[in-house]
>>> print(open('entry.cif').read())   # mmCIF, C-alpha atoms and all ligand atoms
data_start
loop_
_atom_site.label_atom_id
_atom_site.label_comp_id
_atom_site.auth_asym_id
_atom_site.auth_seq_id
_atom_site.Cartn_x
_atom_site.Cartn_y
_atom_site.Cartn_z
CA MET A 1 28.94 -34.46 60.25
CA LEU A 2 30.53 -37.64 58.83
CA TRP A 3 32.56 -37.27 55.65
CA CYS A 4 32.48 -40.11 53.17
CA THR A 5 34.53 -40.83 50.05
CA ALA A 6 33.92 -38.14 47.42
CA MET A 7 31.98 -39.21 44.32
CA THR A 8 32.43 -37.16 41.14
CA PRO A 9 29.09 -35.79 39.98
CA LYS A 10 27.98 -37.28 36.69
CA LEU A 11 27.77 -34.82 33.83
CA SER A 12 25.27 -35.06 30.99
CA ASP A 13 26.04 -37.11 27.92
CA ARG A 14 24.99 -34.23 25.68
CA THR A 15 27.87 -32.12 26.95
CA ARG A 16 30.51 -34.74 26.17
CA PHE A 17 32.17 -32.25 23.78
CA ARG A 18 35.41 -32.95 21.98
CA LEU A 19 37.74 -30.53 23.73
CA GLU A 20 41.17 -31.59 22.47
CA HIS A 21 43.12 -29.13 20.29
CA ASN A 22 43.39 -29.82 16.58
CA LEU A 23 46.53 -29.32 14.50
CA LEU A 24 45.67 -25.71 13.67
CA ALA A 25 44.89 -24.73 17.27
CA ARG A 26 48.24 -26.20 18.35
CA ALA A 27 50.09 -24.27 15.62
CA VAL A 28 48.40 -21.05 16.77
CA ALA A 29 49.24 -21.75 20.41
CA ASP A 30 52.88 -22.52 19.52
CA ALA A 31 53.40 -19.47 17.26
CA ARG A 32 56.28 -17.28 18.41
CA ARG A 33 55.18 -14.12 16.59
CA PRO A 34 52.02 -12.02 16.37
CA LEU A 35 49.59 -13.59 13.92
CA VAL A 36 47.15 -11.95 11.51
CA ASP A 37 43.81 -13.63 12.05
CA LEU A 38 41.86 -14.05 8.81
CA THR A 39 39.20 -16.03 10.67
CA GLU A 40 38.16 -12.92 12.63
CA SER A 41 34.54 -12.00 11.92
CA ASN A 42 33.83 -9.89 14.98
CA PRO A 43 33.46 -6.37 13.52
CA THR A 44 34.34 -4.72 16.84
CA ARG A 45 37.79 -6.32 16.63
CA CYS A 46 38.26 -5.16 13.03
CA GLY A 47 38.07 -1.40 13.57
CA LEU A 48 34.42 -1.32 12.49
CA SER A 49 32.66 -0.04 15.60
CA PRO A 50 29.95 2.51 14.84
CA GLY A 51 31.04 4.83 17.63
CA GLY A 52 29.25 6.38 20.57
CA GLU A 53 26.12 7.82 18.87
CA MET A 54 24.41 4.46 18.72
CA LEU A 55 25.48 3.27 22.14
CA GLY A 56 24.42 6.53 23.81
CA GLU A 57 20.83 5.42 23.31
CA LEU A 58 21.41 2.66 25.86
CA ALA A 59 21.33 5.24 28.65
CA HIS A 60 17.60 5.95 28.22
CA PRO A 61 16.14 6.80 31.70
CA ARG A 62 13.23 4.41 31.16
CA GLY A 63 15.82 1.61 31.30
CA ALA A 64 15.68 1.99 35.08
CA ARG A 65 12.23 0.32 35.18
CA TYR A 66 11.62 -3.37 34.57
CA GLU A 67 8.38 -4.22 32.84
CA PRO A 68 9.03 -7.47 31.05
CA VAL A 69 7.11 -8.51 27.95
CA ALA A 70 7.64 -12.13 26.90
CA ILE A 71 8.12 -11.56 23.18
CA GLY A 72 9.78 -8.15 23.62
CA MET A 73 8.57 -4.60 24.23
CA PRO A 74 6.09 -3.39 21.59
CA GLU A 75 8.29 -0.45 20.55
CA ALA A 76 11.26 -2.78 20.00
CA ARG A 77 9.18 -5.20 17.94
CA GLY A 78 7.88 -2.17 16.03
CA ALA A 79 11.51 -1.22 15.32
CA VAL A 80 12.11 -4.67 13.82
CA ALA A 81 8.99 -4.29 11.64
CA ALA A 82 10.21 -0.82 10.56
CA TYR A 83 13.58 -2.34 9.60
CA TYR A 84 11.81 -4.78 7.27
CA GLU A 85 9.51 -2.04 5.97
CA SER A 86 12.56 -0.02 4.94
CA ARG A 87 13.57 -3.11 2.94
CA GLY A 88 10.15 -3.17 1.29
CA VAL A 89 8.67 -6.05 3.33
CA GLN A 90 5.61 -5.99 5.59
CA VAL A 91 6.14 -7.73 8.93
CA ASP A 92 3.51 -7.86 11.69
CA PRO A 93 5.17 -6.68 14.96
CA GLU A 94 2.79 -9.06 16.78
CA ARG A 95 4.61 -11.93 15.07
CA VAL A 96 8.10 -10.84 16.14
CA VAL A 97 9.89 -12.40 19.12
CA LEU A 98 13.06 -10.85 20.54
CA SER A 99 15.88 -12.97 21.92
CA ALA A 100 19.40 -12.28 23.16
CA SER A 101 20.95 -13.58 19.93
CA THR A 102 20.23 -15.64 16.87
CA SER A 103 21.94 -18.57 18.58
CA GLU A 104 19.47 -18.37 21.45
CA ALA A 105 16.60 -18.10 18.95
CA TYR A 106 17.74 -21.37 17.36
CA GLY A 107 17.62 -23.04 20.77
CA TRP A 108 14.06 -21.79 21.32
CA LEU A 109 12.92 -22.99 17.90
CA PHE A 110 14.47 -26.42 18.43
CA LYS A 111 12.61 -26.62 21.77
CA LEU A 112 9.40 -25.55 20.04
CA LEU A 113 9.60 -27.95 17.12
CA CYS A 114 11.53 -31.00 18.27
CA ASP A 115 11.33 -33.76 20.81
CA ARG A 116 14.42 -35.76 21.73
CA ASP A 117 16.04 -37.30 18.59
CA ASP A 118 13.81 -35.45 16.17
CA ALA A 119 15.75 -34.14 13.20
CA VAL A 120 16.43 -30.79 11.58
CA LEU A 121 17.77 -30.66 8.04
CA VAL A 122 20.82 -28.41 7.72
CA PRO A 123 22.69 -27.26 4.63
CA GLN A 124 26.18 -28.53 3.96
CA PRO A 125 28.44 -26.54 3.81
CA SER A 126 27.36 -24.19 6.53
CA TYR A 127 28.01 -22.40 9.78
CA PRO A 128 29.56 -24.75 12.41
CA LEU A 129 27.58 -23.71 15.48
CA PHE A 130 24.53 -25.81 14.56
CA GLU A 131 26.07 -29.02 15.82
CA TYR A 132 26.35 -27.56 19.33
CA LEU A 133 22.97 -25.86 19.27
CA ALA A 134 21.29 -29.10 18.23
CA THR A 135 23.23 -31.29 20.65
CA LEU A 136 22.24 -29.06 23.54
CA GLU A 137 18.55 -29.58 22.67
CA ASP A 138 18.95 -33.34 22.00
CA VAL A 139 18.12 -32.71 18.37
CA ARG A 140 19.64 -34.66 15.48
CA LEU A 141 21.04 -32.78 12.50
CA ALA A 142 20.60 -34.32 9.06
CA PRO A 143 22.71 -32.65 6.36
CA TYR A 144 21.40 -31.81 2.89
CA PRO A 145 23.92 -30.90 0.20
CA LEU A 146 24.33 -27.62 -1.64
CA LEU A 147 25.58 -28.16 -5.18
CA ARG A 148 28.98 -26.57 -5.58
CA GLU A 149 28.84 -26.73 -9.41
CA GLU A 150 25.58 -24.77 -9.38
CA ARG A 151 26.74 -21.97 -7.10
CA PHE A 152 25.63 -23.89 -4.06
CA ARG A 153 22.04 -24.33 -5.13
CA VAL A 154 20.07 -26.63 -2.81
CA ASP A 155 20.04 -30.25 -4.02
CA LEU A 156 16.26 -30.54 -3.68
CA ALA A 157 16.13 -34.24 -4.57
CA ALA A 158 18.70 -35.04 -1.87
CA LEU A 159 16.86 -32.81 0.59
CA GLU A 160 13.62 -34.66 -0.05
CA ARG A 161 15.35 -38.02 0.37
CA ALA A 162 16.75 -36.88 3.72
CA ILE A 163 13.25 -36.25 5.16
CA ASP A 164 12.02 -39.01 7.45
CA GLU A 165 9.24 -39.39 10.00
CA ARG A 166 11.36 -37.68 12.68
CA THR A 167 12.17 -34.59 10.57
CA ARG A 168 10.65 -31.42 11.97
CA ALA A 169 12.30 -28.51 10.16
CA ILE A 170 14.44 -27.41 7.24
CA LEU A 171 17.11 -24.91 8.15
CA VAL A 172 18.20 -22.45 5.45
CA VAL A 173 21.06 -20.00 5.87
CA HIS A 174 20.25 -17.09 3.58
CA PRO A 175 22.69 -15.95 2.39
CA ASN A 176 24.66 -18.97 3.43
CA ASN A 177 27.81 -18.66 5.53
CA PRO A 178 30.41 -19.19 4.08
CA THR A 179 29.18 -19.69 0.48
CA GLY A 180 27.39 -16.31 0.37
CA THR A 181 24.57 -17.72 -1.77
CA PHE A 182 21.08 -16.18 -1.69
CA ALA A 183 18.20 -18.52 -2.61
CA ARG A 184 16.67 -18.18 -6.07
CA PHE A 185 12.92 -17.46 -6.10
CA ASP A 186 12.16 -20.90 -7.55
CA GLU A 187 14.38 -22.53 -4.93
CA ALA A 188 12.55 -20.69 -2.13
CA GLU A 189 9.20 -21.81 -3.51
CA ALA A 190 10.39 -25.39 -3.79
CA LEU A 191 11.63 -25.31 -0.17
CA GLU A 192 8.30 -23.91 1.00
CA HIS A 193 6.40 -26.50 -0.99
CA LEU A 194 8.50 -29.33 0.45
CA ALA A 195 8.08 -27.97 3.97
CA ARG A 196 4.33 -27.65 3.59
CA ARG A 197 3.84 -31.03 1.95
CA ASN A 198 5.82 -32.78 4.69
CA GLY A 199 4.48 -30.80 7.66
CA LEU A 200 7.84 -29.17 8.39
CA ALA A 201 8.79 -25.68 9.52
CA LEU A 202 11.35 -23.53 7.74
CA ILE A 203 14.00 -21.86 9.89
CA VAL A 204 15.74 -19.20 7.81
CA ASP A 205 18.88 -17.55 9.17
CA GLU A 206 19.24 -14.17 7.48
CA VAL A 207 21.93 -12.59 9.65
CA PHE A 208 23.94 -11.64 6.54
CA GLY A 209 20.86 -10.51 4.56
CA ASP A 210 21.99 -6.87 4.37
CA TYR A 211 25.37 -7.76 2.89
CA ALA A 212 24.83 -8.61 -0.76
CA TRP A 213 27.87 -7.72 -2.86
CA GLY A 214 26.30 -5.09 -5.09
CA ALA A 215 22.80 -5.41 -6.56
CA LEU A 216 21.27 -8.82 -6.02
CA PRO A 217 20.66 -10.67 -9.32
CA GLY A 218 16.96 -10.51 -10.29
CA ASP A 219 16.38 -14.24 -9.72
CA ARG A 220 17.47 -14.04 -6.03
CA LEU A 221 15.08 -13.65 -3.12
CA PRO A 222 16.14 -10.77 -0.80
CA THR A 223 14.36 -12.19 2.28
CA PHE A 224 11.94 -14.92 3.40
CA ALA A 225 10.35 -12.44 5.86
CA GLY A 226 6.75 -11.72 4.91
CA ARG A 227 6.31 -15.04 3.08
CA ALA A 228 3.54 -17.25 4.42
CA ASN A 229 3.57 -20.32 2.16
CA ALA A 230 4.90 -22.52 4.99
CA LEU A 231 5.39 -22.07 8.72
CA THR A 232 8.52 -19.91 8.53
CA PHE A 233 10.79 -18.44 11.18
CA VAL A 234 13.23 -15.82 9.91
CA LEU A 235 16.15 -15.07 12.23
CA SER A 236 18.43 -12.07 12.37
CA GLY A 237 19.93 -9.69 14.90
CA LEU A 238 22.24 -6.85 15.76
CA SER A 239 25.46 -8.86 15.70
CA LYS A 240 25.52 -8.63 11.90
CA VAL A 241 22.86 -6.00 11.04
CA VAL A 242 24.84 -3.31 12.88
CA GLY A 243 28.02 -5.30 13.61
CA LEU A 244 27.51 -5.14 17.39
CA PRO A 245 27.31 -8.66 18.82
CA GLN A 246 27.83 -7.36 22.34
CA LEU A 247 24.41 -5.67 22.36
CA LYS A 248 22.88 -9.15 22.55
CA LEU A 249 19.70 -8.69 20.60
CA GLY A 250 18.33 -11.03 17.98
CA TRP A 251 14.86 -11.68 16.63
CA ILE A 252 12.53 -14.22 15.12
CA VAL A 253 9.92 -13.14 12.55
CA ALA A 254 7.24 -15.83 12.39
CA ASN A 255 4.89 -16.23 9.48
CA GLY A 256 2.82 -18.92 7.84
CA PRO A 257 -0.63 -20.32 7.27
CA GLY A 258 -3.06 -19.09 9.98
CA THR A 259 -3.71 -21.95 12.40
CA ALA A 260 -0.19 -23.41 12.24
CA LEU A 261 1.25 -19.97 12.90
CA GLU A 262 -1.05 -19.23 15.82
CA ALA A 263 -0.41 -22.56 17.52
CA ALA A 264 3.35 -22.24 17.14
CA PHE A 265 3.48 -18.60 18.15
CA SER A 266 1.57 -19.03 21.39
CA ARG A 267 4.01 -21.75 22.46
CA LEU A 268 7.02 -19.69 21.37
CA GLU A 269 5.71 -16.91 23.57
CA VAL A 270 5.79 -19.26 26.59
CA ILE A 271 9.38 -20.27 25.78
CA ALA A 272 10.43 -16.61 25.54
CA ASP A 273 8.55 -15.86 28.78
CA THR A 274 10.49 -18.59 30.55
CA TYR A 275 13.79 -16.84 29.85
CA LEU A 276 12.95 -13.11 29.46
CA SER A 277 16.50 -12.75 28.22
CA VAL A 278 16.54 -9.41 26.43
CA ALA A 279 17.70 -6.43 28.48
CA THR A 280 15.41 -3.40 28.69
CA PRO A 281 18.00 -0.73 27.65
CA ILE A 282 18.72 -2.43 24.33
CA GLN A 283 15.01 -2.74 23.58
CA LEU A 284 14.51 0.98 24.24
CA ALA A 285 17.47 1.84 22.02
CA LEU A 286 16.60 -0.55 19.19
CA ARG A 287 14.67 1.91 17.03
CA ALA A 288 17.48 4.48 17.00
CA ILE A 289 20.12 1.80 16.44
CA LEU A 290 18.31 0.25 13.48
CA ASP A 291 17.39 3.66 12.02
CA ASN A 292 21.08 4.63 12.10
CA ARG A 293 22.46 1.42 10.62
CA ALA A 294 23.48 2.96 7.28
CA GLY A 295 26.78 4.32 8.65
CA VAL A 296 28.17 1.12 10.09
CA GLN A 297 26.77 -1.02 7.27
CA GLY A 298 28.52 1.33 4.81
CA GLN A 299 31.81 0.83 6.69
CA ILE A 300 31.39 -2.95 6.69
CA ARG A 301 30.45 -3.07 2.98
CA ALA A 302 33.43 -0.88 2.09
CA ARG A 303 35.78 -3.11 4.10
CA VAL A 304 34.45 -6.27 2.47
CA ALA A 305 34.70 -4.69 -1.01
CA ASP A 306 38.27 -3.46 -0.42
CA ASN A 307 39.44 -6.81 0.92
CA LEU A 308 37.71 -8.64 -1.91
CA ALA A 309 39.47 -6.40 -4.42
CA ALA A 310 42.81 -7.09 -2.71
CA LEU A 311 42.07 -10.82 -2.83
CA ASP A 312 41.17 -10.72 -6.51
CA ARG A 313 44.35 -8.74 -7.33
CA ALA A 314 46.42 -11.37 -5.52
CA LEU A 315 44.60 -14.20 -7.31
CA ALA A 316 45.09 -12.63 -10.75
CA ASP A 317 48.73 -13.78 -10.83
CA HIS A 318 48.07 -17.30 -9.52
CA PRO A 319 45.48 -19.26 -11.50
CA SER A 320 46.01 -22.40 -9.40
CA VAL A 321 44.18 -20.70 -6.51
CA ARG A 322 40.58 -19.53 -7.08
CA ARG A 323 37.86 -17.74 -5.21
CA LEU A 324 34.46 -19.39 -5.45
CA PRO A 325 31.78 -17.03 -6.81
CA SER A 326 29.44 -15.61 -4.15
CA ASP A 327 26.50 -13.20 -3.81
CA GLY A 328 27.46 -11.72 -0.45
CA GLY A 329 28.40 -12.16 3.20
CA TRP A 330 31.64 -11.54 5.06
CA SER A 331 33.78 -14.46 3.86
CA ALA A 332 35.39 -15.93 0.79
CA ILE A 333 36.04 -19.57 -0.01
CA LEU A 334 39.38 -20.27 -1.67
CA GLU A 335 39.88 -23.35 -3.80
CA VAL A 336 43.52 -24.32 -3.27
CA PRO A 337 45.88 -26.97 -4.65
CA ARG A 338 45.14 -30.36 -3.10
CA THR A 339 48.82 -31.03 -2.52
CA ARG A 340 48.13 -31.26 1.21
CA ALA A 341 45.09 -31.49 3.49
CA ASP A 342 43.23 -28.27 4.32
CA GLU A 343 44.23 -28.55 7.96
CA ALA A 344 47.88 -28.92 6.91
CA TRP A 345 47.56 -25.85 4.67
CA ALA A 346 46.14 -23.84 7.54
CA GLU A 347 48.90 -25.03 9.86
CA LEU A 348 51.57 -24.17 7.25
CA LEU A 349 50.18 -20.65 6.77
CA VAL A 350 50.42 -20.03 10.51
CA ARG A 351 53.99 -21.29 10.59
CA GLU A 352 55.33 -19.72 7.40
CA GLU A 353 53.20 -16.60 6.88
CA GLY A 354 51.95 -15.85 10.38
CA VAL A 355 48.34 -15.93 9.13
CA ILE A 356 45.35 -17.89 10.46
CA VAL A 357 42.69 -19.15 8.02
CA HIS A 358 39.88 -21.68 8.39
CA PRO A 359 40.30 -25.11 6.82
CA GLY A 360 37.26 -26.01 4.71
CA TRP A 361 36.10 -28.81 7.04
CA PHE A 362 35.32 -26.19 9.68
CA PHE A 363 32.35 -25.18 7.50
CA GLU A 364 31.65 -28.79 6.50
CA LEU A 365 32.89 -28.40 2.94
CA ASP A 366 32.65 -31.96 1.79
CA ARG A 367 36.13 -32.51 0.42
CA GLU A 368 39.70 -31.26 0.73
CA GLY A 369 40.92 -28.28 -1.29
CA TYR A 370 39.18 -25.36 0.40
CA LEU A 371 40.17 -22.63 2.82
CA VAL A 372 37.85 -19.92 4.14
CA VAL A 373 38.90 -16.36 4.95
CA SER A 374 37.02 -13.55 6.66
CA LEU A 375 36.83 -10.33 4.62
CA LEU A 376 36.63 -8.08 7.70
CA PRO A 377 40.19 -7.85 9.07
CA GLU A 378 41.94 -4.50 8.57
CA ALA A 379 45.27 -6.19 7.86
CA PHE A 380 43.81 -8.36 5.08
CA PRO A 381 45.35 -6.47 2.11
CA SER A 382 48.83 -6.54 3.66
CA VAL A 383 48.94 -10.34 4.06
CA ILE A 384 46.76 -11.80 1.32
CA GLY A 385 49.37 -11.43 -1.49
CA PRO A 386 52.01 -13.61 0.23
CA VAL A 387 49.33 -16.08 1.37
CA ILE A 388 48.05 -16.63 -2.17
CA ALA A 389 51.61 -16.83 -3.54
CA ARG A 390 52.44 -19.52 -0.94
CA LEU A 391 49.29 -21.50 -1.74
CA ALA A 392 50.12 -21.35 -5.45
CA GLU A 393 53.51 -22.95 -4.76
CA GLY A 394 51.61 -26.09 -3.71
C1 LIG A 401 25.06 -17.79 9.81
C2 LIG A 401 25.14 -17.32 11.24
N1 LIG A 401 24.06 -17.38 12.02
C3 LIG A 401 24.09 -16.96 13.31
C4 LIG A 401 25.24 -16.45 13.85
C5 LIG A 401 25.22 -16.05 15.31
O1 LIG A 401 24.67 -14.82 15.48
P1 LIG A 401 24.32 -14.27 16.93
O2 LIG A 401 25.47 -13.43 17.37
O3 LIG A 401 23.08 -13.46 16.71
O4 LIG A 401 24.07 -15.45 17.81
C6 LIG A 401 26.40 -16.37 13.09
C7 LIG A 401 27.64 -15.83 13.66
O5 LIG A 401 28.67 -15.74 13.03
C8 LIG A 401 26.35 -16.81 11.74
O6 LIG A 401 27.44 -16.78 10.97
#
>>> encode(input="entry.cif", output="structure tokens", more="lines below")
Ligand SMILES: Cc1ncc(COP(=O)(O)O)c(C=O)c1O
Amino acid sequence: MLWCTAMTPKLSDRTRFRLEHNLLARAVADARRPLVDLTESNPTRCGLSPGGEMLGELAHPRGARYEPVAIGMPEARGAVAAYYESRGVQVDPERVVLSASTSEAYGWLFKLLCDRDDAVLVPQPSYPLFEYLATLEDVRLAPYPLLREERFRVDLAALERAIDERTRAILVVHPNNPTGTFARFDEAEALEHLARRNGLALIVDEVFGDYAWGALPGDRLPTFAGRANALTFVLSGLSKVVGLPQLKLGWIVANGPGTALEAAFSRLEVIADTYLSVATPIQLALRAILDNRAGVQGQIRARVADNLAALDRALADHPSVRRLPSDGGWSAILEVPRTRADEAWAELLVREEGVIVHPGWFFELDREGYLVVSLLPEAFPSVIGPVIARLAEG
């Protein structure tokens, strides 16, 4: 065989990711002491694992057989419907699709709804993974603002202005990460109306739906599941519902006006069939895992409440730092003195306090003056006092 000069294979343009380290990542890499990570939101790294009882179910002997079902095994989809029923909502198990994660479900929905360069409207601020999920499907993200002064209510006028002929879906994170806002009933209706009038689907990410801080105010919608005013896909999964991301099980609950729903669902079924990504043992164990969620959810709620109380105690002495009001979720947004950029604040906290926090831009907060902290870490109460005191110094 004759060898010729090697040519480097061309890689796709869509994977031309920015891989260089930012200021914060460099500060973390250079740190010479153990750091307390207040960006950690993986419950299994925060001492919040539910223990063996739940995982024991994964050893079901039927797991030895492989009988794939595109949208997920009927008993597993029934378990998802039972989960919603226990929350007072009727969901048809025939309109549930299982995936390996919510992130994968997003990819499937973008494939279902969008051609190359079609657009999905996404809230700002919000969870940072969307940019990657959309890029990987050649989908364009168009931001719509949430109004900070109105507890991050959707700016409906701006949302409507952002719709163009290439828009295919409105994405709602409910409650939003990191703002923790649940939609008001009137807001949900307005979103559905807009979606329907413009021929758009609603994609509603409810991974934090079980984590309201106390009773939800009467004007807030607990879930979009079961609502059929527009073609709606509600997403959730075990990574937040039982704090076990490693089980790799998420779901889509589809609902909407008859013909639109049927057409979309039959195509979604083909997409799911192409991947068959959910493992059999987790499907067999799903019922028991969801039925036993109260224990781990109680632990997570208690941790969030304790850390929130520690945060509020620390803030009481320092009025120049504030926590933005929220309805739920696992994070808090801090409004901090604008004496330096958020990234510089985060870098300083690593250097001086040995603590990692997220600068606001990470969640697309639209101006400087915000840091975001996770409320899951065990060490939170021991470090938050000095962190707030340092921020208050400016
Ligand atoms: C709002 C939101 N949606 C989805 C996910 C991803 O969930 P999954 O593990 O199911 O992909 C996260 C993870 O933090 C999240 O914050």
>>> residues_near_point(input="entry.cif", point="(52.1, -19.4, -3.1)", cutoff="10 Å", atoms="only C-alpha atoms", output="PyMOL selection string")
chain A and resi 318+320-321+336-337+385-394
>>> closest_residue(input="entry.cif", among="A:Arg338, A:Lys248, A:His174, A:His358", to="Asp210 in chain A", atoms="all atoms listed in the file")
A:His174
>>> atom_distance(input="entry.cif", atom1="CA of Leu112 in chain A", atom2="CA of Leu268 in chain A")
6.5 Å
>>> residues_near_ligand(input="entry.cif", ligand="ligand LIG 401 (chain A)", cutoff="10 Å", atoms="all atoms listed in the file", output="ChimeraX atom specification")
/A:40-42,99-106,126-130,172-178,180,204-209,235-241,243-251,329-331
>>> closest_residue(input="entry.cif", among="A:Ser374, A:Asn198, A:Ser266, A:Thr181", to="Leu147 in chain A", atoms="all atoms listed in the file")
A:Thr181
>>> closest_atom_pairs(input="entry.cif", of="range 169-252 of chain A", to="range 81-88 of chain A", cutoff="9 Å", atoms="all atoms listed in the file", output="Markdown table")
| residue | atom | partner | partner_atom | distance |
| --- | --- | --- | --- | --- |
| A:Pro222 | CA | A:Arg87 | CA | 8.9 |
| A:Ala225 | CA | A:Tyr84 | CA | 7.9 |
| A:Gly226 | CA | A:Tyr84 | CA | 8.9 |
>>> closest_residue(input="entry.cif", among="A:Ile271, A:Ala314, A:Ala190, A:Leu121", to="Pro145 in chain A", atoms="only C-alpha atoms")
A:Leu121
>>> residues_near_point(input="entry.cif", point="(16.4, 4.9, 17.3)", cutoff="12 Å", atoms="all atoms listed in the file", output="list of chain:residue names")
A:Glu53, A:Met54, A:Leu55, A:Gly56, A:Glu57, A:Leu58, A:His60, A:Glu75, A:Ala76, A:Gly78, A:Ala79, A:Val80, A:Ala82, A:Tyr83, A:Pro281, A:Ile282, A:Gln283, A:Leu284, A:Ala285, A:Leu286, A:Arg287, A:Ala288, A:Ile289, A:Leu290, A:Asp291, A:Asn292, A:Arg293
>>> closest_atom_pairs(input="entry.cif", of="range 126-218 of chain A", to="range 2-26 of chain A", cutoff="9 Å", atoms="all atoms listed in the file", output="Markdown table")
| residue | atom | partner | partner_atom | distance |
| --- | --- | --- | --- | --- |
| A:Tyr132 | CA | A:Phe17 | CA | 8.7 |
| A:Thr135 | CA | A:Arg14 | CA | 6.1 |
| A:Leu136 | CA | A:Arg14 | CA | 6.2 |
| A:Glu137 | CA | A:Arg14 | CA | 8.5 |
| A:Asp138 | CA | A:Arg14 | CA | 7.1 |
>>> closest_residue(input="entry.cif", among="A:Val28, A:Val36, A:Ala142, A:Ala70", to="Tyr275 in chain A", atoms="all atoms listed in the file")
A:Ala70
